file model.tsv (TSV, C-alpha atoms and all ligand atoms)
chain	number	residue	atom	x	y	z
A	1	MET	CA	-1.70	26.30	-26.61
A	2	GLU	CA	0.65	24.20	-24.53
A	3	GLU	CA	2.63	21.95	-26.95
A	4	SER	CA	2.28	18.79	-24.90
A	5	ARG	CA	-1.25	19.16	-23.55
A	6	VAL	CA	-3.41	16.08	-24.18
A	7	THR	CA	-7.22	16.13	-23.99
A	8	LEU	CA	-9.58	13.25	-24.70
A	9	HIS	CA	-13.21	13.87	-25.63
A	10	GLY	CA	-15.15	10.76	-24.73
A	11	PHE	CA	-18.29	9.10	-23.51
A	12	TRP	CA	-18.15	6.86	-20.45
A	13	ALA	CA	-19.86	3.76	-21.95
A	14	SER	CA	-18.02	3.76	-25.27
A	15	PRO	CA	-15.61	0.85	-25.82
A	16	TYR	CA	-13.89	3.00	-28.48
A	17	VAL	CA	-13.17	5.62	-25.84
A	18	CYS	CA	-12.11	3.05	-23.23
A	19	LYS	CA	-9.40	1.63	-25.47
A	20	VAL	CA	-7.88	5.10	-25.87
A	21	ILE	CA	-7.99	5.65	-22.09
A	22	TRP	CA	-6.30	2.27	-21.58
A	23	ALA	CA	-3.56	3.09	-24.11
A	24	LEU	CA	-2.84	6.50	-22.54
A	25	LYS	CA	-2.73	4.99	-19.05
A	26	LEU	CA	-0.52	2.07	-20.13
A	27	LYS	CA	1.88	4.62	-21.61
A	28	GLY	CA	1.66	6.85	-18.55
A	29	VAL	CA	0.60	9.86	-20.63
A	30	PRO	CA	-1.19	12.45	-18.47
A	31	PHE	CA	-4.41	13.74	-20.06
A	32	GLU	CA	-7.51	15.74	-19.37
A	33	TYR	CA	-10.81	13.97	-19.98
A	34	VAL	CA	-13.89	15.76	-21.33
A	35	GLU	CA	-17.14	13.79	-21.04
A	36	GLU	CA	-19.43	14.51	-23.99
A	37	ASN	CA	-23.22	14.48	-24.01
A	38	LEU	CA	-23.82	12.63	-27.28
A	39	SER	CA	-27.34	14.07	-27.61
A	40	ASP	CA	-25.94	17.59	-27.30
A	41	LYS	CA	-22.34	17.50	-28.51
A	42	SER	CA	-19.98	20.28	-27.48
A	43	ALA	CA	-18.89	22.91	-29.99
A	44	ALA	CA	-15.32	21.71	-29.39
A	45	LEU	CA	-16.17	18.12	-30.43
A	46	LEU	CA	-17.91	19.31	-33.60
A	47	GLU	CA	-14.94	21.51	-34.41
A	48	TYR	CA	-12.38	18.77	-33.73
A	49	ASN	CA	-14.26	15.98	-35.53
A	50	PRO	CA	-16.38	17.74	-38.19
A	51	VAL	CA	-16.47	14.66	-40.44
A	52	HIS	CA	-17.84	11.95	-38.13
A	53	LYS	CA	-18.84	14.08	-35.10
A	54	LYS	CA	-18.08	11.08	-32.87
A	55	VAL	CA	-15.97	10.29	-29.83
A	56	PRO	CA	-13.19	9.52	-29.13
A	57	VAL	CA	-11.21	12.55	-30.22
A	58	LEU	CA	-7.70	13.08	-28.92
A	59	VAL	CA	-6.38	16.63	-28.93
A	60	HIS	CA	-2.61	16.91	-28.61
A	61	GLY	CA	-1.04	20.37	-28.53
A	62	GLY	CA	-4.22	21.77	-30.12
A	63	LYS	CA	-4.27	19.25	-33.00
A	64	ALA	CA	-7.14	16.75	-33.15
A	65	VAL	CA	-6.97	13.07	-34.05
A	66	ALA	CA	-10.20	11.11	-34.60
A	67	GLU	CA	-11.10	7.41	-35.03
A	68	SER	CA	-10.02	5.12	-32.21
A	69	ALA	CA	-7.75	2.86	-34.32
A	70	VAL	CA	-5.96	5.90	-35.72
A	71	ILE	CA	-5.66	7.41	-32.24
A	72	LEU	CA	-4.10	4.20	-30.87
A	73	GLU	CA	-1.47	4.23	-33.63
A	74	TYR	CA	-0.84	7.93	-32.96
A	75	ILE	CA	-0.31	7.24	-29.26
A	76	GLU	CA	2.11	4.41	-30.03
A	77	GLU	CA	4.10	6.57	-32.46
A	78	THR	CA	4.13	9.67	-30.28
A	79	TRP	CA	5.09	7.94	-27.03
A	80	PRO	CA	7.00	4.84	-28.23
A	81	ASP	CA	8.15	4.16	-24.62
A	82	ARG	CA	10.43	1.17	-24.91
A	83	ASP	CA	9.25	-0.37	-21.63
A	84	ASN	CA	5.69	-0.53	-22.78
A	85	PRO	CA	5.46	-0.78	-26.56
A	86	LEU	CA	1.95	-1.56	-27.76
A	87	LEU	CA	3.03	-2.85	-31.19
A	88	PRO	CA	5.73	-5.48	-31.79
A	89	ALA	CA	9.17	-4.31	-32.99
A	90	ASP	CA	9.31	-6.69	-35.96
A	91	PRO	CA	7.64	-5.23	-39.10
A	92	TYR	CA	5.97	-8.54	-40.00
A	93	ASP	CA	4.53	-8.92	-36.48
A	94	ARG	CA	3.33	-5.32	-36.66
A	95	ALA	CA	1.60	-6.10	-39.94
A	96	LEU	CA	-0.11	-9.12	-38.35
A	97	ALA	CA	-1.27	-6.99	-35.40
A	98	ARG	CA	-2.73	-4.44	-37.82
A	99	PHE	CA	-4.42	-7.24	-39.79
A	100	TRP	CA	-6.29	-8.42	-36.67
A	101	ILE	CA	-7.22	-4.90	-35.60
A	102	ASP	CA	-8.64	-4.37	-39.10
A	103	PHE	CA	-10.43	-7.74	-39.00
A	104	GLY	CA	-12.30	-6.70	-35.84
A	105	GLN	CA	-13.35	-3.45	-37.50
A	106	GLN	CA	-14.52	-5.21	-40.64
A	107	LYS	CA	-16.71	-7.52	-38.55
A	108	ARG	CA	-18.36	-4.66	-36.67
A	109	LEU	CA	-21.65	-5.06	-38.56
A	110	THR	CA	-21.77	-8.78	-37.72
A	111	PHE	CA	-21.76	-7.91	-34.02
A	112	MET	CA	-24.18	-5.00	-34.52
A	113	ALA	CA	-26.63	-7.29	-36.36
A	114	PHE	CA	-26.63	-9.66	-33.38
A	115	PHE	CA	-27.02	-6.82	-30.88
A	116	LEU	CA	-29.99	-5.35	-32.72
A	117	SER	CA	-31.54	-8.63	-33.86
A	118	ALA	CA	-35.22	-9.36	-33.41
A	119	GLU	CA	-36.16	-12.58	-31.58
A	120	GLU	CA	-36.54	-14.56	-34.82
A	121	ASP	CA	-33.07	-13.54	-36.07
A	122	LYS	CA	-30.99	-14.03	-32.96
A	123	GLU	CA	-29.94	-17.66	-33.63
A	124	ARG	CA	-28.75	-16.80	-37.16
A	125	THR	CA	-26.87	-13.61	-36.18
A	126	GLY	CA	-25.54	-15.31	-33.04
A	127	LYS	CA	-24.05	-18.11	-35.15
A	128	GLN	CA	-22.24	-15.51	-37.27
A	129	VAL	CA	-20.81	-13.91	-34.13
A	130	LEU	CA	-19.71	-17.29	-32.78
A	131	ASP	CA	-17.99	-18.16	-36.09
A	132	THR	CA	-16.19	-14.80	-36.06
A	133	LEU	CA	-15.07	-15.18	-32.44
A	134	ARG	CA	-13.78	-18.68	-33.22
A	135	ILE	CA	-11.60	-17.24	-35.98
A	136	ILE	CA	-10.28	-14.55	-33.62
A	137	GLN	CA	-9.61	-17.15	-30.94
A	138	ASP	CA	-8.03	-19.85	-33.12
A	139	GLU	CA	-6.12	-17.72	-35.63
A	140	ALA	CA	-5.19	-14.56	-33.72
A	141	LEU	CA	-4.97	-15.59	-30.07
A	142	ALA	CA	-4.07	-19.28	-30.41
A	143	ASP	CA	-2.18	-20.37	-27.26
A	144	LYS	CA	-0.91	-16.97	-26.19
A	145	LYS	CA	-1.89	-15.19	-22.98
A	146	PHE	CA	-2.53	-11.94	-24.86
A	147	PHE	CA	-2.83	-11.37	-28.59
A	148	SER	CA	0.67	-9.90	-28.62
A	149	GLY	CA	2.26	-12.50	-26.30
A	150	ASN	CA	2.79	-11.99	-22.59
A	151	LYS	CA	1.94	-8.29	-22.47
A	152	ILE	CA	-1.09	-6.31	-23.54
A	153	GLY	CA	-0.77	-4.65	-26.94
A	154	LEU	CA	-2.92	-2.74	-29.41
A	155	VAL	CA	-4.74	-5.89	-30.59
A	156	ASP	CA	-5.82	-6.63	-27.00
A	157	LEU	CA	-7.02	-3.06	-26.53
A	158	SER	CA	-8.93	-3.25	-29.82
A	159	TYR	CA	-10.78	-6.36	-28.67
A	160	GLY	CA	-11.31	-4.94	-25.18
A	161	TRP	CA	-15.06	-4.71	-25.84
A	162	LEU	CA	-15.13	-8.53	-25.56
A	163	VAL	CA	-14.91	-7.84	-21.83
A	164	HIS	CA	-18.16	-6.36	-20.42
A	165	TRP	CA	-19.80	-5.16	-23.62
A	166	ILE	CA	-20.31	-8.52	-25.34
A	167	GLU	CA	-21.33	-10.07	-22.03
A	168	CYS	CA	-24.00	-7.38	-21.60
A	169	VAL	CA	-25.13	-7.75	-25.21
A	170	GLN	CA	-25.56	-11.52	-25.02
A	171	ASP	CA	-27.54	-11.19	-21.75
A	172	ILE	CA	-29.83	-8.59	-23.31
A	173	VAL	CA	-30.32	-10.50	-26.57
A	174	GLY	CA	-30.81	-13.67	-24.54
A	175	LEU	CA	-28.33	-15.93	-26.29
A	176	PRO	CA	-25.02	-16.78	-24.58
A	177	ILE	CA	-22.12	-16.93	-27.05
A	178	MET	CA	-18.86	-16.12	-25.32
A	179	GLU	CA	-18.92	-19.01	-22.89
A	180	PRO	CA	-16.07	-21.19	-21.53
A	181	HIS	CA	-17.51	-24.35	-23.14
A	182	SER	CA	-17.57	-22.85	-26.65
A	183	LEU	CA	-14.72	-20.30	-26.52
A	184	GLN	CA	-12.49	-21.40	-23.68
A	185	LYS	CA	-9.28	-19.62	-24.69
A	186	LEU	CA	-11.03	-16.37	-25.51
A	187	CYS	CA	-12.77	-16.47	-22.12
A	188	GLU	CA	-9.41	-17.04	-20.43
A	189	TRP	CA	-8.02	-14.09	-22.37
A	190	ALA	CA	-10.95	-11.94	-21.15
A	191	THR	CA	-10.21	-12.93	-17.54
A	192	ASN	CA	-6.49	-12.11	-17.94
A	193	PHE	CA	-7.27	-8.81	-19.68
A	194	ARG	CA	-9.79	-7.73	-17.05
A	195	GLN	CA	-7.29	-8.50	-14.26
A	196	GLU	CA	-4.60	-6.15	-15.59
A	197	PRO	CA	-4.54	-3.19	-13.17
A	198	VAL	CA	-4.85	-0.46	-15.85
A	199	ILE	CA	-7.83	-2.23	-17.43
A	200	LYS	CA	-9.52	-3.13	-14.13
A	201	GLU	CA	-9.21	0.42	-12.80
A	202	ASN	CA	-10.56	1.95	-16.01
A	203	LEU	CA	-13.54	-0.23	-16.89
A	204	PRO	CA	-16.97	1.35	-16.55
A	205	ASP	CA	-19.42	-0.27	-14.16
A	206	LYS	CA	-20.88	-3.35	-15.87
A	207	MET	CA	-24.45	-2.85	-14.60
A	208	GLU	CA	-24.41	0.73	-15.86
A	209	VAL	CA	-23.04	-0.39	-19.24
A	210	ALA	CA	-25.82	-3.02	-19.42
A	211	ALA	CA	-28.49	-0.41	-18.64
A	212	HIS	CA	-27.06	1.95	-21.27
A	213	ILE	CA	-26.91	-0.77	-23.92
A	214	ARG	CA	-30.48	-1.85	-23.13
A	215	ARG	CA	-31.76	1.73	-23.58
A	216	PHE	CA	-29.84	2.01	-26.88
A	217	ARG	CA	-31.41	-1.21	-28.18
A	218	GLU	CA	-34.92	-0.18	-27.11
A	219	ARG	CA	-34.54	3.20	-28.84
A	220	PHE	CA	-33.41	1.42	-32.02
A	221	ALA	CA	-36.35	-1.03	-31.85
A	222	SER	CA	-38.92	1.75	-31.36
A	223	LYS	CA	-37.44	3.76	-34.26
A	224	THR	CA	-37.66	0.65	-36.48
A	225	ARG	CA	-41.30	0.10	-35.45
A	226	THR	CA	-42.32	3.68	-36.23
A	227	SER	CA	-40.54	3.71	-39.60
A	228	THR	CA	-42.26	0.50	-40.83
B	301	LIG	N1	-15.21	4.29	-35.88
B	301	LIG	C1	-15.28	5.12	-34.71
B	301	LIG	C2	-16.57	4.82	-33.97
B	301	LIG	C3	-16.79	5.75	-32.79
B	301	LIG	C4	-18.25	5.76	-32.32
B	301	LIG	O1	-19.12	5.07	-32.89
B	301	LIG	N2	-18.52	6.55	-31.28
B	301	LIG	C5	-19.86	6.67	-30.80
B	301	LIG	C6	-19.89	6.37	-29.30
B	301	LIG	S1	-19.63	4.65	-29.01
B	301	LIG	C7	-20.34	8.11	-30.99
B	301	LIG	O2	-19.60	9.04	-30.83
B	301	LIG	N3	-21.62	8.25	-31.34
B	301	LIG	C8	-22.23	9.53	-31.52
B	301	LIG	C9	-22.99	9.64	-32.79
B	301	LIG	O3	-22.99	8.67	-33.58
B	301	LIG	O4	-23.58	10.70	-33.02
B	301	LIG	C10	-14.04	4.90	-33.84
B	301	LIG	O5	-13.47	3.81	-33.89
B	301	LIG	O6	-13.62	5.84	-33.15
call {"tool": "encode", "arguments": {"input": "model.tsv", "output": "structure tokens"}}
result
Amino acid sequence: MEESRVTLHGFWASPYVCKVIWALKLKGVPFEYVEENLSDKSAALLEYNPVHKKVPVLVHGGKAVAESAVILEYIEETWPDRDNPLLPADPYDRALARFWIDFGQQKRLTFMAFFLSAEEDKERTGKQVLDTLRIIQDEALADKKFFSGNKIGLVDLSYGWLVHWIECVQDIVGLPIMEPHSLQKLCEWATNFRQEPVIKENLPDKMEVAAHIRRFRERFASKTRTST
């Protein structure tokens, strides 16, 4: 096994996978990409991630790292690249960055509840999403261009699903939330983020993401109907 060989097992529509691709590209780390069929996972994926059996999995010199947040930290530590650090140098600022990455992960179910909400629940779950996004905007982003300042960092990559994915979700659920009139700074951040060449060149097609998300939601709804 070549010591430095890097392989990423992923799935094209996954925001967890995209953030790893963005980090590797921002660092200029060459890698091989293996697209997984999530309904028929490869033996390699099951061997590399026997606990969660999910993508992304990064394999570096034959050793596997799973969980996107862990992978991003691994990338930063393995290729610290002074020109393009993805975490701040100051330990306190690093702690703050990790706090906001963790906050987004803790709120995952809030966003999932909105995404999967039935018609009668969408206002309630949508309000919870709006309140969460306001906290992210006011406390984490504040007046900065990116979460980490003038350059994209790990916090920006972690919230990258606010570009595309949340827009598709709110269209499908039928309740706009991330809108310039309610979340102006966060919308400006999304525009800046999307315009960065590495992000722009490595975003999946929005219409295809929307179609994928719609199918996922319909499958969930029909499973719920048959189990009740
Ligand atoms: N906590 C994980 C979540 C990854 C995840 O949910 N991956 C999905 C694709 S978006 C997956 O592999 N799903 C396959 C399955 O659940 O069987 C991370 O951050 O990496």
call {"tool": "residues_near_ligand", "arguments": {"input": "model.tsv", "ligand": "ligand LIG 301 (chain B)", "cutoff": "10 Å", "atoms": "all atoms listed in the file", "output": "ChimeraX atom specification"}}
result
/A:9-20,36-41,45,49,52-57,65-72,105,108,158
call {"tool": "atom_distance", "arguments": {"input": "model.tsv", "atom1": "CA of Phe114 (chain A)", "atom2": "CA of Asn192 (chain A)"}}
result
25.5 Å
call {"tool": "closest_residue", "arguments": {"input": "model.tsv", "among": "A:Glu208, A:Glu196, A:Glu47, A:Glu77", "to": "Ala64 (chain A)", "atoms": "all atoms listed in the file"}}
result
A:Glu47
call {"tool": "atom_distance", "arguments": {"input": "model.tsv", "atom1": "CA of His212 (chain A)", "atom2": "CA of Val169 (chain A)"}}
result
10.6 Å
call {"tool": "atom_distance", "arguments": {"input": "model.tsv", "atom1": "CA of Leu87 (chain A)", "atom2": "CA of Ile152 (chain A)"}}
result
9.4 Å
call {"tool": "closest_residue", "arguments": {"input": "model.tsv", "among": "A:Val34, A:Ala211, A:Val129, A:Ile135", "to": "Val59 (chain A)", "atoms": "all atoms listed in the file"}}
result
A:Val34
call {"tool": "closest_residue", "arguments": {"input": "model.tsv", "among": "A:Arg217, A:His164, A:Lys127, A:Lys223", "to": "Ile177 (chain A)", "atoms": "all atoms listed in the file"}}
result
A:Lys127
call {"tool": "closest_residue", "arguments": {"input": "model.tsv", "among": "A:Leu141, A:Ser117, A:Leu175, A:Phe193", "to": "Leu162 (chain A)", "atoms": "all atoms listed in the file"}}
result
A:Phe193
call {"tool": "closest_residue", "arguments": {"input": "model.tsv", "among": "A:Ala140, A:Cys168, A:Leu133, A:Val6", "to": "Gly61 (chain A)", "atoms": "all atoms listed in the file"}}
result
A:Val6
call {"tool": "residues_near_point", "arguments": {"input": "model.tsv", "point": "(-14.0, -18.7, -21.8)", "cutoff": "12 Å", "atoms": "only C-alpha atoms", "output": "list in words"}}
result
Leu133, Arg134, Gln137, Leu162, Val163, Glu167, Pro176, Ile177, Met178, Glu179, Pro180, His181, Ser182, Leu183, Gln184, Lys185, Leu186, Cys187, Glu188, Trp189, Ala190, Thr191 and Asn192 of chain A
